[in-house]
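Working notes, beginning with the structure itself.
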Amino acid sequence: MKVILRAGIVKTPPEASFDPPALEDVGVIAKQPLRIALVDDQAMVRQGLRWLLEDHADIRVVGEAKDGLEAIAMAQELKPDIIIMDVNMPRMNGIEATRQIVLDQPSVIIIGLSFAGDPSVQAAMKNAGANICLNKERAAEEIYQAIVDAVNREPSGKP
């Protein structure tokens with residue numbers, strides 16, 4: 001079997017040319033891309049979040065961790081603007097990791113993720129220093145807006 005591939009150049013008339021949208025039209029929320037770290041014990045969740053977030057020109061995922069201890073070390077080394085933190089993880093949970101990271105880096109924005117719809121879990125994350133705690137089941141639809149809302153709050157990033 002023989003396959004022949006032919007390609008050519010098609011000139012587009014000037015009136016049909018494509019103008020990329022202005023930056024303000026694509027959701028840019030910062031002059032520099034926001035540096036985001038992902039923390040979840042499930043690699044598939046981290047990969048999914050990375051895929052969702054890297055679709056935005058104003059976001060750059062700079063690191064990943066699989067538990068709270070790794071999250072603390074990563075935060076100290078990479079100094080991300082935002083950390084997306086799972087609540088339930090081995091070795092150290094997201095609540096304790098959030099508490100320790102915020103003590104060291106008070107300006108970091110932390111967005112918690114949890115399957116539990118329990119208001120006490122959300123309250124514990126907020127008390128530890130997280131800006132918000134999202135339900136993992138809705139995170140795909142809500143994560144980018146949560147980032148926008150957190151960045152647009154007071155200069156410290158905290159409510």
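By convention here, the chains of the structure tokens are called A, B, ... in the order presented, each chain's residues are numbered starting at 1, and ligands are numbered starting at 1 in the order presented.
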
Fewer than 6 positions away in the same chain doesn't count, so skip those; otherwise give me all residues within 6 Å of Lys66 of chain A, counting only C-alpha atoms, as a PDB file with C-alpha atoms, in the first residue's frame.
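Now in out-v4.pdb:
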```pdb
ATOM      1  CA  VAL A  39      -0.829  19.213  45.619  1.00  0.00           C
ATOM      2  CA  ASP A  40      -2.841  15.992  45.530  1.00  0.00           C
ATOM      3  CA  ASP A  41      -1.979  12.397  46.351  1.00  0.00           C
TER       4      ASP A  41
END
```

I'd like the contact shell of segment 108-115 of chain A - 9 Å cut-off, only C-alpha atoms, skipping same-chain residues fewer than 4 positions apart - returned as a ChimeraX atom specification. /A:40,79-88,94-95,98,101-102,121-122,125-126,129-137,139,143,146-147,150-151,156-158

Based on DSSP run over this structure's backbone, return all residues of segment 7-146 of chain A in strand (DSSP E), as number ranges by chain. A: 34-39, 59-65, 82-86, 109-114, 132-135

Take the selection from the previous step and output its residues with N, CA and C atoms, as an mmCIF file, in the first residue's frame.
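Result went into part_14.cif, see below:
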```cif
data_model
loop_
_atom_site.group_PDB
_atom_site.id
_atom_site.type_symbol
_atom_site.label_atom_id
_atom_site.label_comp_id
_atom_site.auth_asym_id
_atom_site.auth_seq_id
_atom_site.Cartn_x
_atom_site.Cartn_y
_atom_site.Cartn_z
ATOM 1 N N LEU A 34 0.641 33.623 36.463
ATOM 2 C CA LEU A 34 0.617 33.206 37.866
ATOM 3 C C LEU A 34 1.302 31.853 37.992
ATOM 4 N N ARG A 35 2.152 31.745 38.985
ATOM 5 C CA ARG A 35 2.892 30.505 39.244
ATOM 6 C C ARG A 35 2.067 29.646 40.204
ATOM 7 N N ILE A 36 1.650 28.492 39.717
ATOM 8 C CA ILE A 36 0.744 27.646 40.485
ATOM 9 C C ILE A 36 1.384 26.298 40.776
ATOM 10 N N ALA A 37 1.199 25.830 42.015
ATOM 11 C CA ALA A 37 1.652 24.506 42.429
ATOM 12 C C ALA A 37 0.426 23.647 42.729
ATOM 13 N N LEU A 38 0.496 22.393 42.357
ATOM 14 C CA LEU A 38 -0.607 21.454 42.550
ATOM 15 C C LEU A 38 -0.215 20.417 43.596
ATOM 16 N N VAL A 39 -1.106 20.189 44.565
ATOM 17 C CA VAL A 39 -0.829 19.213 45.619
ATOM 18 C C VAL A 39 -2.030 18.282 45.749
ATOM 19 N N ILE A 59 -1.588 31.510 33.365
ATOM 20 C CA ILE A 59 -1.249 30.545 34.414
ATOM 21 C C ILE A 59 -0.108 29.649 33.942
ATOM 22 N N ARG A 60 0.803 29.388 34.875
ATOM 23 C CA ARG A 60 1.889 28.442 34.600
ATOM 24 C C ARG A 60 2.028 27.522 35.809
ATOM 25 N N VAL A 61 1.852 26.235 35.610
ATOM 26 C CA VAL A 61 2.031 25.269 36.689
ATOM 27 C C VAL A 61 3.539 25.049 36.843
ATOM 28 N N VAL A 62 4.046 25.321 38.058
ATOM 29 C CA VAL A 62 5.488 25.264 38.292
ATOM 30 C C VAL A 62 5.927 24.057 39.114
ATOM 31 N N GLY A 63 4.974 23.340 39.716
ATOM 32 C CA GLY A 63 5.373 22.197 40.521
ATOM 33 C C GLY A 63 4.193 21.372 40.970
ATOM 34 N N GLU A 64 4.502 20.155 41.407
ATOM 35 C CA GLU A 64 3.495 19.237 41.914
ATOM 36 C C GLU A 64 4.049 18.518 43.139
ATOM 37 N N ALA A 65 3.155 18.192 44.056
ATOM 38 C CA ALA A 65 3.516 17.421 45.247
ATOM 39 C C ALA A 65 2.397 16.430 45.524
ATOM 40 N N ILE A 82 0.167 30.706 43.915
ATOM 41 C CA ILE A 82 -1.050 29.990 44.306
ATOM 42 C C ILE A 82 -0.725 28.511 44.469
ATOM 43 N N ILE A 83 -1.322 27.909 45.503
ATOM 44 C CA ILE A 83 -1.206 26.466 45.692
ATOM 45 C C ILE A 83 -2.618 25.894 45.716
ATOM 46 N N ILE A 84 -2.836 24.899 44.897
ATOM 47 C CA ILE A 84 -4.106 24.180 44.913
ATOM 48 C C ILE A 84 -3.849 22.916 45.719
ATOM 49 N N MET A 85 -4.522 22.820 46.874
ATOM 50 C CA MET A 85 -4.180 21.843 47.913
ATOM 51 C C MET A 85 -5.338 20.895 48.214
ATOM 52 N N ASP A 86 -5.091 19.604 48.030
ATOM 53 C CA ASP A 86 -6.044 18.577 48.442
ATOM 54 C C ASP A 86 -6.093 18.550 49.975
ATOM 55 N N ILE A 109 -1.623 32.323 47.999
ATOM 56 C CA ILE A 109 -3.052 32.023 47.897
ATOM 57 C C ILE A 109 -3.183 30.503 47.874
ATOM 58 N N ILE A 110 -4.007 29.978 48.762
ATOM 59 C CA ILE A 110 -4.229 28.536 48.787
ATOM 60 C C ILE A 110 -5.699 28.252 48.533
ATOM 61 N N ILE A 111 -5.927 27.382 47.570
ATOM 62 C CA ILE A 111 -7.275 26.944 47.228
ATOM 63 C C ILE A 111 -7.354 25.462 47.581
ATOM 64 N N GLY A 112 -8.196 25.143 48.542
ATOM 65 C CA GLY A 112 -8.352 23.763 48.985
ATOM 66 C C GLY A 112 -9.288 22.985 48.080
ATOM 67 N N LEU A 113 -9.074 21.676 48.034
ATOM 68 C CA LEU A 113 -9.934 20.763 47.285
ATOM 69 C C LEU A 113 -10.306 19.594 48.186
ATOM 70 N N SER A 114 -11.592 19.245 48.194
ATOM 71 C CA SER A 114 -12.035 18.136 49.026
ATOM 72 C C SER A 114 -13.266 17.483 48.422
ATOM 73 N N ILE A 132 -10.234 29.581 49.929
ATOM 74 C CA ILE A 132 -11.492 28.916 49.635
ATOM 75 C C ILE A 132 -11.223 27.417 49.593
ATOM 76 N N CYS A 133 -12.264 26.633 49.785
ATOM 77 C CA CYS A 133 -12.154 25.180 49.648
ATOM 78 C C CYS A 133 -13.261 24.733 48.701
ATOM 79 N N LEU A 134 -12.866 24.190 47.553
ATOM 80 C CA LEU A 134 -13.815 23.753 46.535
ATOM 81 C C LEU A 134 -14.082 22.261 46.653
ATOM 82 N N ASN A 135 -15.267 21.859 46.222
ATOM 83 C CA ASN A 135 -15.604 20.449 46.135
ATOM 84 C C ASN A 135 -14.920 19.887 44.890
#
```

Name the residues in contact with segment 89-93 of chain A at a cut-off of 6 Å, using only C-alpha atoms, excluding same-chain residues fewer than 3 positions from it; report them as a count of residues only. 5

DSSP on the backbone, helix (DSSP H, G or I) only: what residues of segment 24-68 of chain A does that give? Format it as number ranges by chain. A: 24-25, 43-53, 68

For those residues, write C-alpha atoms to a file as a short mmCIF file (atom, residue, chain, number, x, y, z; two decimals), in the first residue's frame.
```
data_model
loop_
_atom_site.label_atom_id
_atom_site.label_comp_id
_atom_site.auth_asym_id
_atom_site.auth_seq_id
_atom_site.Cartn_x
_atom_site.Cartn_y
_atom_site.Cartn_z
CA GLU A 24 -8.00 41.30 28.30
CA ASP A 25 -10.41 39.18 26.25
CA ALA A 43 -1.43 11.74 40.03
CA MET A 44 -4.48 11.66 37.77
CA VAL A 45 -6.06 14.58 39.65
CA ARG A 46 -2.83 16.59 39.37
CA GLN A 47 -2.61 15.84 35.65
CA GLY A 48 -6.23 16.85 35.12
CA LEU A 49 -5.77 20.11 36.99
CA ARG A 50 -2.57 20.82 35.06
CA TRP A 51 -4.39 20.22 31.79
CA LEU A 52 -7.26 22.52 32.79
CA LEU A 53 -5.06 25.33 34.08
CA GLY A 68 1.56 17.85 52.69
#
```
